[in-house]
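A.B. asks: Quick one: the structure is below, questions incoming.
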Amino acid sequence: MRITAYGAVEGVTGSCFLIEIERYKILVDCGLFQGDFDGNIQEFPFDVREINYVILTHAHLDHIGRIPLLVKRGFNGQIMCTRATYELGRLMLLDAAKVMYEDYLIKSRKAERRGETANPPLYSEDDVIESYDFFTTIEYNEKVLLNDNISFILKDAGHILGSAFVEFFITENNLTKKIIFSGDLGNQNKPIVRNPAIPDDAETVFIESTYGDREHKKFEASKKELKEAIDYAFSNNGNVIIPTFALERAQELIYLLREMYEEKMLPPCRVFLDSPLAIKATELFKKHIEYFDKEARDIINRGKDPFSFTYLTYTRSVEESKSINYFKGNSIIIAGSGMCNGGRILHHLKHNLWNSNNCIVFIGFQANGTLGRKIVDGEKFVYIYGEQIKVNARIFTINGFSSHADKLILKNWLSQIRSLSNVFLIHGEKDIMEKFAQYLKANFIDINIKIPKFGEVINI
Ligand SMILES: [Zn+2]
């Protein structure tokens with residue numbers, strides 16, 4: 001069997017791995033490259049018509065974002081994932097198509113003025129809808145037989161709702177090999193989702209390494225930091241602005257603020273979830289409590305809504321969003337995008353960043369080049385909608401709410417897998433993966449640790 005890495009190698013986006021065995025071709029994930037890389041518009045490095053199956057680990061765009069493109073270019077196989085991944089994935093893909101179209105309109109106006117034309121969007125909302133027909137949903141721990149020699153199981157990865165790692169059972173020459181793709185693995189003791197499941201055994205594992213160079217702070221310590229930010233802003237009659245990702249992070253934050261409200265840790269205030277996408281994702285979460293951990297299910301079984309409390313308002317329309325600015329102080333405003341490179345958060349940063357009474361709280365990864373990263377890195381001035389804004393607000397970076405496992409959790413996860421001989425590090429920045437490789441080599445003397453390159457063929 002051959003496995004080729006076509007994405008999320010020496011980087012964290014564009015996840016895509018091709019498994020070839022006999023005449024079968026299977027993809028694990030088909031994600032968007034995000035950032036500057038133009039890998040999305042290029043041809044796929046394989047014949048899409050020959051792909052029999054795509055197995056998706058979870059609904060983040062860096063794992064599913066090129067699915068409509070795959071279908072548009074002639075894919076005619078089956079796409080398999082959990083039901084939550086399918087439903088959240090539809091939402092994320094439709095939103096991606098909308099954002100691409102809006103981006104295209106802006107770029108084409110600028111291009112026209114230069115006498116050029118802009119690249120059209122990768123796909124339209126119609127292309128997204130077209131791709132729905134190819135999906136088949138499966139349950140966690142259900143063994144799926146693709147043929148006599150290839151089967152797989154999805155197990156809970158504890159990363160976002162419905163996220164999974166894939167355990168393949170592949171028989172060649174009467175010998176069955178077990179290969180695991182971790183997808184993104186979750187942090188421990190997170191709200192809503194369960195802890196990642198532990199595989200029993202496997203010869204080969206492809207494991208994500210986003211945070212392979214660090215240990216996260218404990219969740220409780222991060223909750224205290226958030227409380228400190230809220231107390232600071234409210235004691236100055238200021239606001240707390242929290243840029244957030246729409247999927248999972250927003251729901252976890254609402255869940256946490258409700259918990260703080262019930263524990264009387266939250267002073268009287270207004271909390272706004274100002275993101276139509278996050279609001280829609282929250283509605284889907286409520287439809288899929290079967291994926292929740294016990295604590296979250298218990299809240300629902302007691303007849304309560306874990307995503308609602310007296311101070312909280314969901315703001316859907318643009319008018320509602322704008323009206324938030326009429327309130328002066330004592331507001332917690334949660335809006336996207338998570339890295340401040342678009343969306344309603346820009347509007348709130350423009351109104352709050354210049355004032356030292358306010359706090360900006362970053363709870364997610366801020367990639368190089370984004371506005372969020374500039375603020376986190378301590379730039380004194382930033383540009384928002386072409387206007388120079390002084391960074392006067394107090395900045396908090398809280399990492400204990402991460403949806404990714406840290407190096408300790410990743411190592412412990414690997415250490416529980418019996419018969420492990422090969423580990424391939426994927427889905428991480430190059431320097432972080434090198435540090436993680438050293439860390440693992442010191443802990444696992446008998447295991448081969450490798451970092452594959454883009455297009456590298458691995459024979460197993
Ligand atoms: Zn993810």
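Residues are referred to by chain and number: the chain letter is A, B, ... according to the order shown in the structure tokens, the number counts from 1 in that chain, and ligands are numbered separately from 1 in the order shown.
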Mind dumping a table of every chain A residue within 12 Å of ligand 1, with the nearest atom pair and its distance in Å to one decimal, using only C-alpha atoms and all ligand atoms, sorted by chain and rising number, as JSON lines?

C.D. replies:
{"residue": "A:Ala8", "atom": "CA", "partner": "ligand 1", "partner_atom_place_in_ligand_line": "1 (Zn)", "distance": 11.3}
{"residue": "A:Val12", "atom": "CA", "partner": "ligand 1", "partner_atom_place_in_ligand_line": "1 (Zn)", "distance": 9.4}
{"residue": "A:Thr13", "atom": "CA", "partner": "ligand 1", "partner_atom_place_in_ligand_line": "1 (Zn)", "distance": 9.4}
{"residue": "A:Gly14", "atom": "CA", "partner": "ligand 1", "partner_atom_place_in_ligand_line": "1 (Zn)", "distance": 11.1}
{"residue": "A:Ser15", "atom": "CA", "partner": "ligand 1", "partner_atom_place_in_ligand_line": "1 (Zn)", "distance": 9.9}
{"residue": "A:Asp29", "atom": "CA", "partner": "ligand 1", "partner_atom_place_in_ligand_line": "1 (Zn)", "distance": 11.1}
{"residue": "A:Gly31", "atom": "CA", "partner": "ligand 1", "partner_atom_place_in_ligand_line": "1 (Zn)", "distance": 10.2}
{"residue": "A:Leu32", "atom": "CA", "partner": "ligand 1", "partner_atom_place_in_ligand_line": "1 (Zn)", "distance": 11.8}
{"residue": "A:Leu56", "atom": "CA", "partner": "ligand 1", "partner_atom_place_in_ligand_line": "1 (Zn)", "distance": 11.1}
{"residue": "A:Thr57", "atom": "CA", "partner": "ligand 1", "partner_atom_place_in_ligand_line": "1 (Zn)", "distance": 8.6}
{"residue": "A:His58", "atom": "CA", "partner": "ligand 1", "partner_atom_place_in_ligand_line": "1 (Zn)", "distance": 6.6}
{"residue": "A:Ala59", "atom": "CA", "partner": "ligand 1", "partner_atom_place_in_ligand_line": "1 (Zn)", "distance": 7.3}
{"residue": "A:His60", "atom": "CA", "partner": "ligand 1", "partner_atom_place_in_ligand_line": "1 (Zn)", "distance": 5.0}
{"residue": "A:Leu61", "atom": "CA", "partner": "ligand 1", "partner_atom_place_in_ligand_line": "1 (Zn)", "distance": 7.9}
{"residue": "A:Asp62", "atom": "CA", "partner": "ligand 1", "partner_atom_place_in_ligand_line": "1 (Zn)", "distance": 7.1}
{"residue": "A:His63", "atom": "CA", "partner": "ligand 1", "partner_atom_place_in_ligand_line": "1 (Zn)", "distance": 7.1}
{"residue": "A:Ile64", "atom": "CA", "partner": "ligand 1", "partner_atom_place_in_ligand_line": "1 (Zn)", "distance": 9.8}
{"residue": "A:Gly65", "atom": "CA", "partner": "ligand 1", "partner_atom_place_in_ligand_line": "1 (Zn)", "distance": 11.6}
{"residue": "A:Thr85", "atom": "CA", "partner": "ligand 1", "partner_atom_place_in_ligand_line": "1 (Zn)", "distance": 11.2}
{"residue": "A:Gly89", "atom": "CA", "partner": "ligand 1", "partner_atom_place_in_ligand_line": "1 (Zn)", "distance": 11.7}
{"residue": "A:Ala157", "atom": "CA", "partner": "ligand 1", "partner_atom_place_in_ligand_line": "1 (Zn)", "distance": 10.0}
{"residue": "A:Gly158", "atom": "CA", "partner": "ligand 1", "partner_atom_place_in_ligand_line": "1 (Zn)", "distance": 10.3}
{"residue": "A:His159", "atom": "CA", "partner": "ligand 1", "partner_atom_place_in_ligand_line": "1 (Zn)", "distance": 6.7}
{"residue": "A:Ile160", "atom": "CA", "partner": "ligand 1", "partner_atom_place_in_ligand_line": "1 (Zn)", "distance": 7.1}
{"residue": "A:Leu161", "atom": "CA", "partner": "ligand 1", "partner_atom_place_in_ligand_line": "1 (Zn)", "distance": 10.3}
{"residue": "A:Gly162", "atom": "CA", "partner": "ligand 1", "partner_atom_place_in_ligand_line": "1 (Zn)", "distance": 11.0}
{"residue": "A:Ser163", "atom": "CA", "partner": "ligand 1", "partner_atom_place_in_ligand_line": "1 (Zn)", "distance": 8.2}
{"residue": "A:Ala164", "atom": "CA", "partner": "ligand 1", "partner_atom_place_in_ligand_line": "1 (Zn)", "distance": 10.2}
{"residue": "A:Phe165", "atom": "CA", "partner": "ligand 1", "partner_atom_place_in_ligand_line": "1 (Zn)", "distance": 11.3}
{"residue": "A:Ser182", "atom": "CA", "partner": "ligand 1", "partner_atom_place_in_ligand_line": "1 (Zn)", "distance": 10.7}
{"residue": "A:Gly183", "atom": "CA", "partner": "ligand 1", "partner_atom_place_in_ligand_line": "1 (Zn)", "distance": 7.4}
{"residue": "A:Asp184", "atom": "CA", "partner": "ligand 1", "partner_atom_place_in_ligand_line": "1 (Zn)", "distance": 5.2}
{"residue": "A:Leu185", "atom": "CA", "partner": "ligand 1", "partner_atom_place_in_ligand_line": "1 (Zn)", "distance": 8.0}
{"residue": "A:Gly186", "atom": "CA", "partner": "ligand 1", "partner_atom_place_in_ligand_line": "1 (Zn)", "distance": 8.8}
{"residue": "A:Asn187", "atom": "CA", "partner": "ligand 1", "partner_atom_place_in_ligand_line": "1 (Zn)", "distance": 11.6}
{"residue": "A:Glu208", "atom": "CA", "partner": "ligand 1", "partner_atom_place_in_ligand_line": "1 (Zn)", "distance": 9.8}
{"residue": "A:Ser209", "atom": "CA", "partner": "ligand 1", "partner_atom_place_in_ligand_line": "1 (Zn)", "distance": 11.6}
{"residue": "A:Thr210", "atom": "CA", "partner": "ligand 1", "partner_atom_place_in_ligand_line": "1 (Zn)", "distance": 9.8}
{"residue": "A:Phe245", "atom": "CA", "partner": "ligand 1", "partner_atom_place_in_ligand_line": "1 (Zn)", "distance": 10.9}
{"residue": "A:Leu247", "atom": "CA", "partner": "ligand 1", "partner_atom_place_in_ligand_line": "1 (Zn)", "distance": 9.6}
{"residue": "A:Glu248", "atom": "CA", "partner": "ligand 1", "partner_atom_place_in_ligand_line": "1 (Zn)", "distance": 9.7}
{"residue": "A:Arg249", "atom": "CA", "partner": "ligand 1", "partner_atom_place_in_ligand_line": "1 (Zn)", "distance": 10.9}
{"residue": "A:Gly364", "atom": "CA", "partner": "ligand 1", "partner_atom_place_in_ligand_line": "1 (Zn)", "distance": 11.9}
{"residue": "A:Phe365", "atom": "CA", "partner": "ligand 1", "partner_atom_place_in_ligand_line": "1 (Zn)", "distance": 11.4}
{"residue": "A:Ser402", "atom": "CA", "partner": "ligand 1", "partner_atom_place_in_ligand_line": "1 (Zn)", "distance": 10.6}
{"residue": "A:Ser403", "atom": "CA", "partner": "ligand 1", "partner_atom_place_in_ligand_line": "1 (Zn)", "distance": 7.7}
{"residue": "A:His404", "atom": "CA", "partner": "ligand 1", "partner_atom_place_in_ligand_line": "1 (Zn)", "distance": 7.7}
{"residue": "A:Ala405", "atom": "CA", "partner": "ligand 1", "partner_atom_place_in_ligand_line": "1 (Zn)", "distance": 10.9}
{"residue": "A:His427", "atom": "CA", "partner": "ligand 1", "partner_atom_place_in_ligand_line": "1 (Zn)", "distance": 9.8}
{"residue": "A:Gly428", "atom": "CA", "partner": "ligand 1", "partner_atom_place_in_ligand_line": "1 (Zn)", "distance": 11.8}

A.B. asks: Which residues are near A:Thr310? Cut-off 12 Å, only C-alpha atoms, ignore same chain within fewer than 4 positions. Put them as a PyMOL selection string.

C.D. replies: chain A and resi 254+257-259+261-262+266-272+305-306+314

A.B. asks: Any chance you could export the current selection's N, CA, C and O atoms as a CSV table (one decimal), in the first residue's frame?

C.D. replies:
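Contents of out.csv, as written:
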chain,number,residue,atom,x,y,z
A,254,ILE,N,-19.7,30.3,25.2
A,254,ILE,CA,-21.0,30.5,25.8
A,254,ILE,C,-21.3,29.6,26.9
A,254,ILE,O,-21.9,30.0,28.0
A,257,LEU,N,-19.3,30.8,29.9
A,257,LEU,CA,-19.9,32.1,30.5
A,257,LEU,C,-21.2,31.8,31.3
A,257,LEU,O,-21.4,32.3,32.3
A,258,ARG,N,-22.0,30.8,30.7
A,258,ARG,CA,-23.2,30.4,31.5
A,258,ARG,C,-22.8,29.8,32.8
A,258,ARG,O,-23.4,30.1,33.8
A,259,GLU,N,-21.8,28.9,32.8
A,259,GLU,CA,-21.3,28.3,34.0
A,259,GLU,C,-20.8,29.4,35.0
A,259,GLU,O,-21.2,29.3,36.2
A,261,TYR,N,-21.8,32.4,35.1
A,261,TYR,CA,-23.0,33.1,35.6
A,261,TYR,C,-23.7,32.3,36.7
A,261,TYR,O,-24.0,32.9,37.7
A,262,GLU,N,-23.8,31.0,36.5
A,262,GLU,CA,-24.4,30.2,37.5
A,262,GLU,C,-23.6,30.1,38.8
A,262,GLU,O,-24.1,30.0,39.9
A,266,LEU,N,-19.8,35.9,37.3
A,266,LEU,CA,-20.0,36.9,36.3
A,266,LEU,C,-20.9,38.1,36.8
A,266,LEU,O,-22.0,37.9,37.2
A,267,PRO,N,-20.3,39.3,36.9
A,267,PRO,CA,-21.1,40.4,37.3
A,267,PRO,C,-22.2,40.7,36.4
A,267,PRO,O,-22.1,40.3,35.2
A,268,PRO,N,-23.2,41.4,36.8
A,268,PRO,CA,-24.3,41.8,35.8
A,268,PRO,C,-23.7,42.5,34.6
A,268,PRO,O,-22.9,43.4,34.8
A,269,CYS,N,-24.1,42.0,33.5
A,269,CYS,CA,-23.5,42.6,32.2
A,269,CYS,C,-24.4,42.2,31.0
A,269,CYS,O,-25.4,41.5,31.2
A,270,ARG,N,-23.9,42.6,29.8
A,270,ARG,CA,-24.6,42.1,28.6
A,270,ARG,C,-23.5,41.3,27.9
A,270,ARG,O,-22.4,41.7,27.7
A,271,VAL,N,-24.0,40.1,27.4
A,271,VAL,CA,-23.1,39.2,26.6
A,271,VAL,C,-23.7,39.1,25.2
A,271,VAL,O,-24.9,38.8,25.1
A,272,PHE,N,-23.0,39.4,24.2
A,272,PHE,CA,-23.5,39.3,22.8
A,272,PHE,C,-22.7,38.2,22.1
A,272,PHE,O,-21.5,38.3,22.0
A,305,ASP,N,-31.0,24.8,29.0
A,305,ASP,CA,-30.2,25.0,27.8
A,305,ASP,C,-28.8,25.4,28.1
A,305,ASP,O,-28.6,26.5,28.7
A,306,PRO,N,-27.8,24.6,27.8
A,306,PRO,CA,-26.4,25.0,28.1
A,306,PRO,C,-25.9,26.2,27.4
A,306,PRO,O,-24.8,26.7,27.7
A,314,TYR,N,-28.2,36.8,21.4
A,314,TYR,CA,-27.7,36.4,20.0
A,314,TYR,C,-28.1,37.5,19.1
A,314,TYR,O,-29.3,37.8,18.9

A.B. asks: Which neighbours of A:Glu167 fall inside 7 Å, counting only C-alpha atoms, when residues of the same chain fewer than 2 positions from it are skipped, and could you give them as a list in words?

C.D. replies: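 Skipping anything fewer than 2 positions along the chain leaves Phe152, Ile153, Leu154, Phe165, Phe169, Lys178, Ile179, Ile180 and Phe181 of chain A.
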
A.B. asks: Please extract the residues of stretch 332-402 of chain A with a backbone DSSP assignment of helix (DSSP H, G or I) and present them as a ChimeraX atom specification.

C.D. replies: /A:345-352,371-376

A.B. asks: Could you take the residues named above and write them with C-alpha atoms, as an mmCIF file, in the first residue's frame?

C.D. replies:
data_model
loop_
_atom_site.group_PDB
_atom_site.id
_atom_site.type_symbol
_atom_site.label_atom_id
_atom_site.label_comp_id
_atom_site.auth_asym_id
_atom_site.auth_seq_id
_atom_site.Cartn_x
_atom_site.Cartn_y
_atom_site.Cartn_z
ATOM 1 C CA ILE A 345 -15.062 41.565 15.001
ATOM 2 C CA LEU A 346 -13.395 44.314 12.918
ATOM 3 C CA HIS A 347 -16.251 46.681 13.661
ATOM 4 C CA HIS A 348 -15.981 45.972 17.413
ATOM 5 C CA LEU A 349 -12.208 46.298 17.436
ATOM 6 C CA LYS A 350 -12.476 49.655 15.699
ATOM 7 C CA HIS A 351 -14.811 50.871 18.456
ATOM 8 C CA ASN A 352 -12.937 49.384 21.420
ATOM 9 C CA LEU A 371 -4.689 41.346 12.433
ATOM 10 C CA GLY A 372 -5.094 39.178 15.545
ATOM 11 C CA ARG A 373 -1.425 38.183 15.413
ATOM 12 C CA LYS A 374 -0.340 41.835 15.055
ATOM 13 C CA ILE A 375 -2.296 42.802 18.172
ATOM 14 C CA VAL A 376 -1.025 39.782 20.140
#

A.B. asks: Which one is closest to A:Ile192: A:Thr282, A:Asn239, A:Asn76, A:Ser108? Count only C-alpha atoms.

C.D. replies: A:Thr282

A.B. asks: In terms of the shortest atom-to-atom distance over only C-alpha atoms, which of A:Glu112, A:Glu102, A:Phe75, A:Pro120 is closest to A:Ile41?

C.D. replies: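 With only C-alpha atoms as the atom set, the closest residue is A:Pro120.
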
A.B. asks: Need the shell around A:Gly400: protein/DNA/RNA residues with any atom at most 8 Å away, counting only C-alpha atoms. Skip same-chain ones fewer than 4 positions apart. Format as a short mmCIF file (atom, residue, chain, number, x, y, z; two decimals) with N, CA, C and O atoms, in the first residue's frame?

C.D. replies:
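Below you can see selection-v5.cif, which holds the result:
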data_model
loop_
_atom_site.label_atom_id
_atom_site.label_comp_id
_atom_site.auth_asym_id
_atom_site.auth_seq_id
_atom_site.Cartn_x
_atom_site.Cartn_y
_atom_site.Cartn_z
N HIS A 216 -0.38 23.32 27.37
CA HIS A 216 -1.40 24.34 27.63
C HIS A 216 -1.54 24.55 29.14
O HIS A 216 -1.31 23.63 29.92
N LYS A 217 -1.99 25.75 29.49
CA LYS A 217 -2.37 25.96 30.88
C LYS A 217 -3.63 25.14 31.16
O LYS A 217 -4.39 24.82 30.25
N LYS A 218 -3.87 24.85 32.40
CA LYS A 218 -5.08 24.09 32.76
C LYS A 218 -6.32 24.94 32.51
O LYS A 218 -6.28 26.17 32.58
N PHE A 219 -7.42 24.25 32.24
CA PHE A 219 -8.68 24.93 31.91
C PHE A 219 -9.10 25.89 33.03
O PHE A 219 -9.50 27.03 32.78
N ALA A 221 -7.30 27.42 35.25
CA ALA A 221 -6.42 28.61 35.30
C ALA A 221 -6.84 29.60 34.22
O ALA A 221 -6.84 30.82 34.44
N SER A 222 -7.24 29.06 33.06
CA SER A 222 -7.67 29.93 31.97
C SER A 222 -9.00 30.61 32.29
O SER A 222 -9.22 31.76 31.93
N ILE A 363 -8.43 33.83 22.49
CA ILE A 363 -8.50 32.48 23.05
C ILE A 363 -8.16 31.41 22.01
O ILE A 363 -8.26 30.23 22.29
#

A.B. asks: Using only C-alpha atoms, what does the table of stretch 382-401 of chain A residues within 12 Å of stretch 322-344 of chain A look like, with each row giving the shortest atom pair and its distance in Å to one decimal, sorted by chain and ascending number, as JSON lines?

C.D. replies:
{"residue": "A:Val382", "atom": "CA", "partner": "A:Cys340", "partner_atom": "CA", "distance": 11.6}
{"residue": "A:Tyr383", "atom": "CA", "partner": "A:Asn341", "partner_atom": "CA", "distance": 11.2}
{"residue": "A:Ile384", "atom": "CA", "partner": "A:Asn341", "partner_atom": "CA", "distance": 9.7}
{"residue": "A:Tyr385", "atom": "CA", "partner": "A:Gly342", "partner_atom": "CA", "distance": 10.0}

A.B. asks: Using C-alpha atoms, can you export the residues from the last selection as a compact mmCIF listing (two decimals), in the first residue's frame?

C.D. replies:
# COMPACT_ATOMS: atom_id res chain seq x y z
CA VAL A 382 -3.10 48.73 13.44
CA TYR A 383 -5.24 49.48 10.41
CA ILE A 384 -8.94 48.60 10.40
CA TYR A 385 -11.05 49.48 7.33

A.B. asks: Give me, as number ranges by chain, all polymer residues having an atom no more than 12 Å from A:Asp133, counting only C-alpha atoms and skipping those fewer than 2 positions away in the same chain.

C.D. replies: A: 67-68, 71, 75-80, 86, 90, 127-131, 135-137

A.B. asks: Kindly indicate which residue among A:Ile445, A:Asn301, A:Asn357, A:Asp156 lies nearest to A:Ser235, using only C-alpha atoms for the distances.

C.D. replies: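 Of A:Ile445, A:Asn301, A:Asn357, A:Asp156, the one nearest A:Ser235, counting only C-alpha atoms, is A:Asn357.
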
A.B. asks: Of the residues A:Asp446, A:Asn412, A:Pro452, A:Leu277, which is the one nearest to A:Leu94, using only C-alpha atoms?

C.D. replies: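 Closest to A:Leu94, using only C-alpha atoms: A:Leu277.
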
A.B. asks: If I take atom CA of A:Phe46 and atom CA of A:Phe134, how far is one from the other in Å, to one decimal?

C.D. replies: 18.9 Å

A.B. asks: Do a neighbour search on A:Gly74 at 10 Å with only C-alpha atoms, toss out local chain neighbours closer than 5 positions, and write the hits as a list in words.

C.D. replies: Asp47, Val48, Arg49, Glu50, Ile51 and Leu69 of chain A

A.B. asks: Quick one, how far is atom CA of A:Tyr101 from atom CA of A:Asp126?

C.D. replies: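 Taking atom CA of A:Tyr101 and atom CA of A:Asp126, their separation equals 12.0 Å.
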
A.B. asks: Hey, which of A:Ile432, A:Ala202, A:Ile150, A:Val318 ends up closest to A:Ser415? Count only C-alpha atoms.

C.D. replies: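 Using only C-alpha atoms, the shortest distance to A:Ser415 belongs to A:Ala202.
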
A.B. asks: Please, what distance in Å, to one decimal, runs between atom CA of A:Phe168 and atom CA of A:Thr204?

C.D. replies: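 For atom CA of A:Phe168 relative to atom CA of A:Thr204, the distance reads 10.0 Å.
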